[in-house]
>>> print(open('final11.pdb').read())   # PDB, C-alpha atoms
ATOM      1  CA  MET A1139      21.707  31.279 -17.135
ATOM      2  CA  GLY A1140      22.184  27.638 -18.067
ATOM      3  CA  ARG A1141      19.485  25.040 -17.855
ATOM      4  CA  ILE A1142      19.580  21.276 -17.388
ATOM      5  CA  VAL A1143      16.724  18.964 -18.315
ATOM      6  CA  VAL A1144      15.939  15.841 -16.274
ATOM      7  CA  ASP A1145      13.335  13.470 -17.695
ATOM      8  CA  VAL A1146      11.794  10.797 -15.463
ATOM      9  CA  MET A1147       9.450   8.012 -16.595
ATOM     10  CA  LEU A1148       7.589   5.335 -14.672
ATOM     11  CA  LYS A1149       9.252   1.947 -15.160
ATOM     12  CA  PRO A1150       7.615   0.011 -18.021
ATOM     13  CA  GLU A1151       6.123  -2.591 -15.666
ATOM     14  CA  ILE A1152       4.414   0.011 -13.434
ATOM     15  CA  LEU A1153       0.810   0.837 -14.288
ATOM     16  CA  ASP A1154       0.550   4.493 -15.348
ATOM     17  CA  PRO A1155      -2.989   5.618 -14.423
ATOM     18  CA  GLN A1156      -2.443   9.109 -15.851
ATOM     19  CA  GLY A1157      -1.211   7.691 -19.139
ATOM     20  CA  GLN A1158      -4.175   5.320 -19.190
ATOM     21  CA  ALA A1159      -6.566   8.232 -18.680
ATOM     22  CA  VAL A1160      -4.972  10.118 -21.572
ATOM     23  CA  ARG A1161      -5.082   7.038 -23.790
ATOM     24  CA  GLY A1162      -8.789   6.690 -23.021
ATOM     25  CA  ALA A1163      -9.433  10.304 -24.029
ATOM     26  CA  LEU A1164      -7.634  10.285 -27.379
ATOM     27  CA  PRO A1165     -10.302   8.296 -29.269
ATOM     28  CA  ARG A1166     -12.846  10.915 -28.215
ATOM     29  CA  LEU A1167     -10.839  13.315 -30.375
ATOM     30  CA  GLY A1168     -10.966  10.871 -33.249
ATOM     31  CA  LEU A1169      -7.342   9.841 -32.677
ATOM     32  CA  ASN A1170      -7.546   6.057 -32.695
ATOM     33  CA  GLN A1171      -4.060   4.999 -33.789
ATOM     34  CA  PHE A1172      -2.332   5.224 -30.384
ATOM     35  CA  THR A1173      -2.228   1.879 -28.583
ATOM     36  CA  ASP A1174      -0.627   3.157 -25.357
ATOM     37  CA  VAL A1175       0.327   6.382 -23.601
ATOM     38  CA  ARG A1176       2.948   6.776 -20.909
ATOM     39  CA  GLN A1177       3.185  10.078 -19.053
ATOM     40  CA  GLY A1178       6.530  11.258 -17.685
ATOM     41  CA  LYS A1179       7.900  14.207 -15.748
ATOM     42  CA  ARG A1180      10.329  16.833 -16.992
ATOM     43  CA  PHE A1181      12.353  18.927 -14.553
ATOM     44  CA  VAL A1182      14.331  21.975 -15.702
ATOM     45  CA  LEU A1183      17.139  22.987 -13.334
ATOM     46  CA  SER A1184      18.628  26.457 -13.776
ATOM     47  CA  VAL A1185      22.182  27.501 -12.838
ATOM     48  CA  ASP A1186      24.104  30.771 -12.910
ATOM     49  CA  GLY A1187      26.326  30.972 -15.948
ATOM     50  CA  PRO A1188      26.931  28.208 -18.449
ATOM     51  CA  VAL A1189      26.253  24.563 -17.605
ATOM     52  CA  THR A1190      29.428  22.755 -16.498
ATOM     53  CA  GLU A1191      30.218  19.079 -16.139
ATOM     54  CA  ALA A1192      29.996  19.577 -12.339
ATOM     55  CA  HIS A1193      26.465  20.948 -12.745
ATOM     56  CA  LEU A1194      25.504  17.894 -14.775
ATOM     57  CA  THR A1195      26.991  15.585 -12.134
ATOM     58  CA  SER A1196      24.941  17.331  -9.433
ATOM     59  CA  ALA A1197      21.849  17.175 -11.624
ATOM     60  CA  ARG A1198      22.322  13.424 -12.048
ATOM     61  CA  GLU A1199      22.598  13.087  -8.258
ATOM     62  CA  ALA A1200      19.403  15.119  -7.806
ATOM     63  CA  ALA A1201      17.729  12.963 -10.441
ATOM     64  CA  GLU A1202      18.653   9.714  -8.697
ATOM     65  CA  THR A1203      17.822  10.851  -5.136
ATOM     66  CA  LEU A1204      14.951  13.330  -4.992
ATOM     67  CA  LEU A1205      13.580  13.706  -8.516
ATOM     68  CA  SER A1206      12.957   9.997  -9.083
ATOM     69  CA  ASN A1207      12.071   6.996  -6.973
ATOM     70  CA  PRO A1208      14.139   4.049  -8.240
ATOM     71  CA  VAL A1209      11.486   1.579  -7.098
ATOM     72  CA  ILE A1210       8.995   2.822  -9.663
ATOM     73  CA  GLU A1211      10.778   5.293 -11.944
ATOM     74  CA  ASP A1212      13.722   5.511 -14.348
ATOM     75  CA  VAL A1213      15.768   8.616 -15.079
ATOM     76  CA  VAL A1214      15.733   8.453 -18.861
ATOM     77  CA  ASN A1215      17.538  11.659 -19.714
ATOM     78  CA  VAL A1216      19.783  14.325 -18.157
ATOM     79  CA  HIS A1217      21.115  16.933 -20.567
ATOM     80  CA  GLU A1218      21.802  20.605 -21.002
ATOM     81  CA  LEU A1219      18.873  22.538 -22.410
ATOM     82  CA  THR A1220      20.336  24.072 -25.541
ATOM     83  CA  SER A1221      19.244  27.295 -27.160
ATOM     84  CA  ASP A1222      17.251  25.653 -29.921
ATOM     85  CA  GLU A1223      14.841  24.162 -27.391
ATOM     86  CA  PRO A1224      12.003  26.309 -26.067
ATOM     87  CA  GLU A1225      12.386  28.225 -22.833
ATOM     88  CA  GLN A1226      10.946  26.117 -20.054
ATOM     89  CA  ALA A1227      12.078  27.623 -16.759
ATOM     90  CA  PRO A1228      10.777  30.921 -15.436
ATOM     91  CA  ILE A1229      13.262  33.775 -15.571
ATOM     92  CA  THR A1230      14.289  34.597 -12.000
ATOM     93  CA  GLY A1231      12.810  37.813 -10.718
ATOM     94  CA  ALA A1232      10.302  38.211 -13.512
ATOM     95  CA  GLY A1233       6.587  38.512 -12.999
ATOM     96  CA  ALA A1234       4.541  40.002 -10.209
TER
ATOM     97  CA  MET B 872       4.838   6.907  27.755
ATOM     98  CA  LYS B 873       5.398   9.468  25.024
ATOM     99  CA  ILE B 874       4.435   8.988  21.398
ATOM    100  CA  GLY B 875       5.492  11.684  18.970
ATOM    101  CA  VAL B 876       3.304  12.678  16.029
ATOM    102  CA  ILE B 877       5.009  14.584  13.218
ATOM    103  CA  THR B 878       3.350  17.566  11.561
ATOM    104  CA  PHE B 879       4.491  18.443   8.050
ATOM    105  CA  PRO B 880       3.049  21.278   6.015
ATOM    106  CA  GLY B 881      -0.007  19.548   4.558
ATOM    107  CA  SER B 882      -0.481  16.950   7.312
ATOM    108  CA  LEU B 883      -4.176  16.339   7.910
ATOM    109  CA  ASP B 884      -4.501  13.624  10.501
ATOM    110  CA  ASP B 885      -1.864  14.694  13.013
ATOM    111  CA  ALA B 886      -4.450  15.937  15.529
ATOM    112  CA  ASP B 887      -6.480  12.723  15.145
ATOM    113  CA  ALA B 888      -3.340  10.654  15.667
ATOM    114  CA  ARG B 889      -2.485  12.565  18.834
ATOM    115  CA  ARG B 890      -6.056  12.064  20.050
ATOM    116  CA  ALA B 891      -5.785   8.332  19.347
ATOM    117  CA  VAL B 892      -2.577   8.191  21.387
ATOM    118  CA  ARG B 893      -4.291   9.922  24.323
ATOM    119  CA  ILE B 894      -7.362   7.700  24.116
ATOM    120  CA  ALA B 895      -5.069   4.665  24.157
ATOM    121  CA  GLY B 896      -3.493   5.956  27.376
ATOM    122  CA  GLY B 897      -0.300   7.517  26.071
ATOM    123  CA  GLU B 898       1.113  11.017  26.129
ATOM    124  CA  ALA B 899       1.035  12.604  22.672
ATOM    125  CA  VAL B 900       3.967  14.828  21.757
ATOM    126  CA  ALA B 901       3.741  17.110  18.734
ATOM    127  CA  LEU B 902       6.871  16.940  16.565
ATOM    128  CA  TRP B 903       7.644  19.583  13.952
ATOM    129  CA  HIS B 904       9.032  18.680  10.516
ATOM    130  CA  GLY B 905      11.614  21.473  10.629
ATOM    131  CA  ASP B 906      13.149  20.397  13.950
ATOM    132  CA  ALA B 907      15.795  17.673  13.939
ATOM    133  CA  ASP B 908      14.574  16.650  17.397
ATOM    134  CA  LEU B 909      12.439  13.720  18.563
ATOM    135  CA  ARG B 910      12.019  15.234  22.073
ATOM    136  CA  GLY B 911      12.763  11.959  23.803
ATOM    137  CA  VAL B 912       9.664  10.125  22.601
ATOM    138  CA  ASP B 913       9.289   6.340  22.905
ATOM    139  CA  ALA B 914       7.658   5.921  19.479
ATOM    140  CA  VAL B 915       6.758   8.012  16.436
ATOM    141  CA  VAL B 916       3.627   8.240  14.278
ATOM    142  CA  ILE B 917       3.884   9.751  10.795
ATOM    143  CA  PRO B 918       0.287  10.751  10.099
ATOM    144  CA  GLY B 919      -1.862  10.944   6.995
ATOM    145  CA  GLY B 920      -2.331  13.956   4.791
ATOM    146  CA  PHE B 921      -0.598  15.534   1.842
ATOM    147  CA  SER B 922       2.875  16.465   3.063
ATOM    148  CA  TYR B 923       4.338  19.344   1.051
ATOM    149  CA  GLY B 924       1.231  19.120  -1.136
ATOM    150  CA  ASP B 925       2.263  15.640  -2.312
ATOM    151  CA  TYR B 926       4.178  17.490  -5.011
ATOM    152  CA  LEU B 927       6.808  15.471  -6.889
ATOM    153  CA  ARG B 928       5.562  12.152  -5.434
ATOM    154  CA  ALA B 929       3.520  11.480  -2.309
ATOM    155  CA  GLY B 930       5.942  11.576   0.632
ATOM    156  CA  ALA B 931       9.021  12.341  -1.474
ATOM    157  CA  ILE B 932       9.797  15.811  -0.134
ATOM    158  CA  ALA B 933       8.836  14.968   3.457
ATOM    159  CA  ARG B 934      11.479  12.258   3.448
ATOM    160  CA  PHE B 935      14.147  14.987   3.414
ATOM    161  CA  ALA B 936      12.643  17.061   6.268
ATOM    162  CA  PRO B 937      15.040  17.631   9.192
ATOM    163  CA  VAL B 938      12.929  15.533  11.575
ATOM    164  CA  MET B 939      13.055  12.556   9.199
ATOM    165  CA  GLY B 940      16.844  12.303   9.487
ATOM    166  CA  GLU B 941      16.304  11.640  13.212
ATOM    167  CA  VAL B 942      13.418   9.246  12.565
ATOM    168  CA  ILE B 943      15.434   7.189  10.064
ATOM    169  CA  THR B 944      18.368   6.842  12.458
ATOM    170  CA  ALA B 945      16.127   5.999  15.431
ATOM    171  CA  ALA B 946      14.032   3.523  13.436
ATOM    172  CA  LYS B 947      17.172   1.642  12.419
ATOM    173  CA  GLY B 948      18.014   1.529  16.134
ATOM    174  CA  GLY B 949      14.664  -0.077  16.984
ATOM    175  CA  LEU B 950      12.376   2.862  17.803
ATOM    176  CA  PRO B 951       8.753   1.953  16.959
ATOM    177  CA  VAL B 952       7.621   4.014  13.959
ATOM    178  CA  LEU B 953       4.158   3.889  12.385
ATOM    179  CA  GLY B 954       3.338   5.488   9.055
ATOM    180  CA  ILE B 955      -0.348   5.869   8.203
ATOM    181  CA  CYS B 956      -1.410   6.612   4.609
ATOM    182  CA  ASN B 957       0.810   9.561   3.619
ATOM    183  CA  GLY B 958       3.064   8.411   6.476
ATOM    184  CA  PHE B 959       3.356   5.001   4.770
ATOM    185  CA  GLN B 960       4.363   6.838   1.602
ATOM    186  CA  VAL B 961       6.994   8.771   3.583
ATOM    187  CA  LEU B 962       8.368   5.492   4.983
ATOM    188  CA  THR B 963       8.733   3.902   1.544
ATOM    189  CA  GLU B 964      10.356   7.054   0.174
ATOM    190  CA  SER B 965      12.710   6.921   3.182
ATOM    191  CA  HIS B 966      13.581   3.294   2.307
ATOM    192  CA  LEU B 967      12.635   2.227   5.840
ATOM    193  CA  LEU B 968      10.028   0.058   4.110
ATOM    194  CA  PRO B 969      10.300  -1.500   0.635
ATOM    195  CA  GLY B 970       8.065  -0.866  -2.348
ATOM    196  CA  ALA B 971       6.298   2.312  -3.371
ATOM    197  CA  MET B 972       2.842   3.816  -3.515
ATOM    198  CA  ILE B 973       1.272   4.950  -6.770
ATOM    199  CA  GLN B 974      -2.136   6.221  -7.818
ATOM    200  CA  ASN B 975      -5.163   3.965  -7.278
ATOM    201  CA  ASP B 976      -5.725   1.716 -10.285
ATOM    202  CA  HIS B 977      -9.238   3.158 -10.768
ATOM    203  CA  ARG B 978      -7.811   6.721 -10.573
ATOM    204  CA  ARG B 979     -10.387   7.929  -8.081
ATOM    205  CA  PHE B 980     -10.144   9.130  -4.506
ATOM    206  CA  LEU B 981     -11.795   6.527  -2.320
ATOM    207  CA  CYS B 982     -13.285   6.851   1.174
ATOM    208  CA  ARG B 983     -14.926   3.855   2.827
ATOM    209  CA  ASP B 984     -14.995   1.616   5.874
ATOM    210  CA  GLN B 985     -12.491  -1.125   5.068
ATOM    211  CA  VAL B 986     -12.107  -4.610   6.479
ATOM    212  CA  LEU B 987      -8.498  -5.696   7.061
ATOM    213  CA  ARG B 988      -6.985  -8.943   8.252
ATOM    214  CA  VAL B 989      -4.136  -8.688  10.747
ATOM    215  CA  GLU B 990      -1.614 -11.027   9.129
ATOM    216  CA  ASN B 991       1.160 -10.525  11.649
ATOM    217  CA  ALA B 992       0.379  -9.833  15.299
ATOM    218  CA  ALA B 993       4.054  -9.822  16.283
ATOM    219  CA  THR B 994       5.010  -6.272  15.301
ATOM    220  CA  ALA B 995       5.373  -3.343  17.702
ATOM    221  CA  TRP B 996       2.062  -1.937  16.439
ATOM    222  CA  THR B 997      -0.059  -5.108  16.186
ATOM    223  CA  SER B 998       0.842  -7.163  19.262
ATOM    224  CA  GLY B 999      -2.550  -6.525  20.856
ATOM    225  CA  TYR B1000      -4.396  -8.186  17.969
ATOM    226  CA  GLU B1001      -4.864 -11.886  17.342
ATOM    227  CA  SER B1002      -3.284 -13.291  14.215
ATOM    228  CA  ASP B1003      -5.902 -13.457  11.403
ATOM    229  CA  GLN B1004      -8.211 -11.109  13.327
ATOM    230  CA  GLU B1005     -10.415  -9.055  11.025
ATOM    231  CA  ILE B1006     -10.805  -5.382  11.851
ATOM    232  CA  THR B1007     -12.684  -2.461  10.291
ATOM    233  CA  VAL B1008     -11.073   0.950   9.948
ATOM    234  CA  VAL B1009     -11.407   3.947   7.640
ATOM    235  CA  LEU B1010      -9.733   4.005   4.253
ATOM    236  CA  LYS B1011      -9.335   7.238   2.290
ATOM    237  CA  ASN B1012      -6.712   7.793  -0.353
ATOM    238  CA  GLN B1013      -5.805   8.745  -3.880
ATOM    239  CA  ASP B1014      -2.323   7.206  -4.097
ATOM    240  CA  GLY B1015      -2.899   3.984  -2.226
ATOM    241  CA  GLN B1016      -1.726   1.340  -4.673
ATOM    242  CA  PHE B1017       1.197  -0.556  -3.121
ATOM    243  CA  VAL B1018       3.664  -1.836  -5.704
ATOM    244  CA  ALA B1019       6.964  -3.718  -5.484
ATOM    245  CA  ASP B1020       8.841  -6.141  -7.708
ATOM    246  CA  ARG B1021       8.073  -9.841  -7.444
ATOM    247  CA  ASP B1022      11.204 -10.684  -5.428
ATOM    248  CA  THR B1023      10.354  -8.015  -2.862
ATOM    249  CA  LEU B1024       6.752  -9.234  -2.609
ATOM    250  CA  ASP B1025       7.899 -12.834  -2.198
ATOM    251  CA  ARG B1026      10.343 -11.781   0.512
ATOM    252  CA  LEU B1027       7.656  -9.787   2.365
ATOM    253  CA  GLU B1028       5.320 -12.796   2.261
ATOM    254  CA  GLY B1029       8.032 -15.292   3.184
ATOM    255  CA  GLU B1030       9.279 -13.288   6.129
ATOM    256  CA  GLY B1031       5.784 -12.607   7.498
ATOM    257  CA  ARG B1032       6.153  -8.908   6.874
ATOM    258  CA  VAL B1033       2.718  -8.433   5.317
ATOM    259  CA  THR B1034       1.110  -6.937   8.409
ATOM    260  CA  PHE B1035      -2.381  -6.068   7.124
ATOM    261  CA  ARG B1036      -4.243  -7.356   4.072
ATOM    262  CA  TYR B1037      -7.449  -6.065   2.454
ATOM    263  CA  VAL B1038     -10.442  -8.367   2.921
ATOM    264  CA  GLY B1039     -13.443  -8.527   0.589
ATOM    265  CA  ILE B1040     -12.337  -5.776  -1.777
ATOM    266  CA  ASN B1041      -8.982  -4.518  -2.954
ATOM    267  CA  PRO B1042      -9.703  -0.788  -2.895
ATOM    268  CA  ASN B1043      -6.762   0.494  -4.923
ATOM    269  CA  GLY B1044      -5.125  -2.330  -6.876
ATOM    270  CA  SER B1045      -2.400  -2.965  -4.297
ATOM    271  CA  ALA B1046      -0.176  -5.937  -5.058
ATOM    272  CA  ARG B1047      -1.408  -9.126  -3.385
ATOM    273  CA  ASP B1048      -4.084  -7.173  -1.466
ATOM    274  CA  ILE B1049      -1.382  -5.714   0.777
ATOM    275  CA  ALA B1050      -2.628  -2.927   3.064
ATOM    276  CA  GLY B1051       0.352  -2.713   5.416
ATOM    277  CA  ILE B1052       3.877  -4.056   5.858
ATOM    278  CA  SER B1053       6.697  -3.986   8.394
ATOM    279  CA  ASN B1054      10.470  -3.916   8.338
ATOM    280  CA  GLU B1055      12.446  -7.052   9.256
ATOM    281  CA  ARG B1056      12.601  -6.153  12.926
ATOM    282  CA  GLY B1057       8.892  -5.339  13.184
ATOM    283  CA  ASN B1058       9.369  -1.940  14.800
ATOM    284  CA  VAL B1059       8.533   0.001  11.614
ATOM    285  CA  VAL B1060       5.031  -0.505  10.206
ATOM    286  CA  GLY B1061       3.297   1.313   7.368
ATOM    287  CA  LEU B1062      -0.366   0.948   6.465
ATOM    288  CA  MET B1063      -2.635   2.739   4.040
ATOM    289  CA  PRO B1064      -5.952   2.733   6.005
ATOM    290  CA  HIS B1065      -6.453   4.863   9.108
ATOM    291  CA  PRO B1066      -6.664   3.180  12.535
ATOM    292  CA  GLU B1067      -6.604   6.614  14.211
ATOM    293  CA  HIS B1068     -10.108   7.249  12.870
ATOM    294  CA  ALA B1069     -11.517   4.169  14.619
ATOM    295  CA  VAL B1070     -10.721   4.739  18.284
ATOM    296  CA  GLU B1071     -13.810   6.373  19.798
ATOM    297  CA  GLU B1072     -17.511   5.520  19.973
ATOM    298  CA  GLY B1073     -19.591   7.691  17.666
ATOM    299  CA  PHE B1074     -16.675   8.609  15.436
ATOM    300  CA  GLY B1075     -15.788   6.210  12.633
ATOM    301  CA  PRO B1076     -16.702   2.567  12.167
ATOM    302  CA  GLY B1077     -15.802   1.317  15.666
ATOM    303  CA  LEU B1078     -12.902   0.907  18.044
ATOM    304  CA  ASP B1079     -10.793  -1.587  16.094
ATOM    305  CA  GLY B1080      -8.040   0.952  15.421
ATOM    306  CA  ARG B1081      -7.336   1.628  19.072
ATOM    307  CA  THR B1082      -5.369  -1.594  19.467
ATOM    308  CA  VAL B1083      -2.634  -0.265  17.138
ATOM    309  CA  PHE B1084      -1.876   2.401  19.718
ATOM    310  CA  THR B1085      -2.329   0.279  22.839
ATOM    311  CA  SER B1086      -0.043  -2.338  21.268
ATOM    312  CA  VAL B1087       2.898   0.011  21.018
ATOM    313  CA  LEU B1088       2.320   1.366  24.525
ATOM    314  CA  GLU B1089       2.502  -2.176  25.907
ATOM    315  CA  GLN B1090       5.586  -2.878  23.804
ATOM    316  CA  VAL B1091       7.331   0.182  25.168
ATOM    317  CA  VAL B1092       6.423  -0.711  28.744
ATOM    318  CA  SER B1093       7.709  -4.262  28.419
ATOM    319  CA  ALA B1094      10.856  -3.262  26.505
TER
END
>>> encode(input="final11.pdb", output="structure tokens")
Amino acid sequence: MGRIVVDVMLKPEILDPQGQAVRGALPRLGLNQFTDVRQGKRFVLSVDGPVTEAHLTSAREAAETLLSNPVIEDVVNVHELTSDEPEQAPITGAGA
Amino acid sequence: MKIGVITFPGSLDDADARRAVRIAGGEAVALWHGDADLRGVDAVVIPGGFSYGDYLRAGAIARFAPVMGEVITAAKGGLPVLGICNGFQVLTESHLLPGAMIQNDHRRFLCRDQVLRVENAATAWTSGYESDQEITVVLKNQDGQFVADRDTLDRLEGEGRVTFRYVGINPNGSARDIAGISNERGNVVGLMPHPEHAVEEGFGPGLDGRTVFTSVLEQVVSA
């Protein structure tokens, strides 16, 4: 099973309330050096067999249509999840 | 006079919207998200709630429901369409209205009686109001902050497409105190507060919301 990663971030000019909340919490942990936090979304799309160029093309289309809203978000990354990255999608059929 | 009200999984205010239609003198028709069928209605209300759990982004998944394909086509043909709260989010995700809705700037869910000014009384859903009339309806949302780039905001202002504006307090950080907007033609209106909760004595802050529904009924009759 191949996997494709799509990363989406709010555009820089859009206020990120979740990132602001995280930034506000960090000093409570004694971590004072971070001046800003932006929170993004990562999608992991699984396909049967190895990832092909056609899969990546479809993933880019999904990223631009459903997975992001171009008014407020940028697709910052679409790439194959390679074996040296941690498993991030559930294995089909596993579990209860 | 039939006004359809769409129910998505997670819709909350569909029954209230249908009740508001009936109180205003119309016939309410329940529309189902999975049916690509508008059942011959004369107008459509997309109600508040949390369609598809608001997963991904508020309104993002609802935009691709079978019924929305019909709504988008009909709206471009002039059918009156009103999106309230989550419905407004669905309309921006559908690109029937510009801009987008993000989380309130204060990051809290807010529920209050909200004063609005009717900025444009020439849309399908506001023709029964006077221009600059102030009304009080219910506001309740988590993702109610309207955002758009400066050019879009300038165009909305210049073309008179800011339909409702917050008065007294900006409850969610919305750009330029915008509470509701319309498309160029004025048949599609989205607003964040809830006129359907202000249509009956004893329930909500008054009857100011009823005019939204009587407006469209009169529009349909005279069309």
>>> resolve_selection(input="final11.pdb", expression="the ChimeraX specification (/A :<12) & /B", output="PyMOL selection string")
chain B and resi 926-935+960-961+963-966+968-979+1013-1014+1016-1021+1023+1043-1046
>>> residues_around(input="final11.pdb", residues="B:Gly1039", least_positions_apart="3", cutoff="10 Å", atoms="all atoms listed in the file", output="list in words")
Gln985, Val986, Leu987, Arg1036, Pro1042 and Asp1048 of chain B
>>> resolve_selection(input="final11.pdb", expression="the PyMOL selection byres ((chain B and resi 995) around 8)", output="PDB file with C-alpha atoms, keeping the file's coordinate frame")
ATOM      1  CA  PRO B 951       8.753   1.953  16.959  1.00  0.00           C
ATOM      2  CA  ALA B 993       4.054  -9.822  16.283  1.00  0.00           C
ATOM      3  CA  THR B 994       5.010  -6.272  15.301  1.00  0.00           C
ATOM      4  CA  TRP B 996       2.062  -1.937  16.439  1.00  0.00           C
ATOM      5  CA  THR B 997      -0.059  -5.108  16.186  1.00  0.00           C
ATOM      6  CA  SER B 998       0.842  -7.163  19.262  1.00  0.00           C
ATOM      7  CA  GLY B1057       8.892  -5.339  13.184  1.00  0.00           C
ATOM      8  CA  ASN B1058       9.369  -1.940  14.800  1.00  0.00           C
ATOM      9  CA  VAL B1059       8.533   0.001  11.614  1.00  0.00           C
ATOM     10  CA  SER B1086      -0.043  -2.338  21.268  1.00  0.00           C
ATOM     11  CA  VAL B1087       2.898   0.011  21.018  1.00  0.00           C
ATOM     12  CA  GLN B1090       5.586  -2.878  23.804  1.00  0.00           C
TER      13      GLN B1090
END
>>> closest_residue(input="final11.pdb", among="A:Gln1177, A:Thr1190, A:Gln1171, A:Thr1195", to="A:Gly1140", atoms="all atoms listed in the file")
A:Thr1190
>>> resolve_selection(input="final11.pdb", expression="the PyMOL selection byres ((chain B and resi 879-893) around 8)", output="count of residues only")
29
>>> residues_near_point(input="final11.pdb", point="(-3.6, 3.8, 7.0)", cutoff="6 Å", atoms="all atoms listed in the file", output="list of chain:residue names")
B:Ile955, B:Cys956, B:Leu1062, B:Met1063, B:Pro1064, B:His1065
>>> atom_distance(input="final11.pdb", atom1="atom CA of A:Arg1161", atom2="atom CA of B:Ile1040")
26.5 Å
>>> atom_distance(input="final11.pdb", atom1="atom CA of A:Glu1191", atom2="atom CA of A:Met1139")
14.9 Å
>>> closest_residue(input="final11.pdb", among="A:Glu1202, A:Met1147, A:Ile1142, A:Thr1173", to="A:Val1214", atoms="only C-alpha atoms")
A:Met1147
>>> residues_near_point(input="final11.pdb", point="(16.1, 22.5, -13.2)", cutoff="10 Å", atoms="all atoms listed in the file", output="list of chain:residue names")
A:Gly1140, A:Arg1141, A:Ile1142, A:Val1143, A:Val1144, A:Arg1180, A:Phe1181, A:Val1182, A:Leu1183, A:Ser1184, A:Val1185, A:Ala1197, A:Ala1200, A:Glu1218, A:Leu1219, A:Gln1226, A:Ala1227
>>> atom_distance(input="final11.pdb", atom1="atom CA of B:Gly1075", atom2="atom CA of B:Val989")
19.0 Å
>>> closest_residue(input="final11.pdb", among="A:Asp1174, A:His1217, A:Asp1212, A:Lys1149", to="A:Leu1194", atoms="only C-alpha atoms")
A:His1217
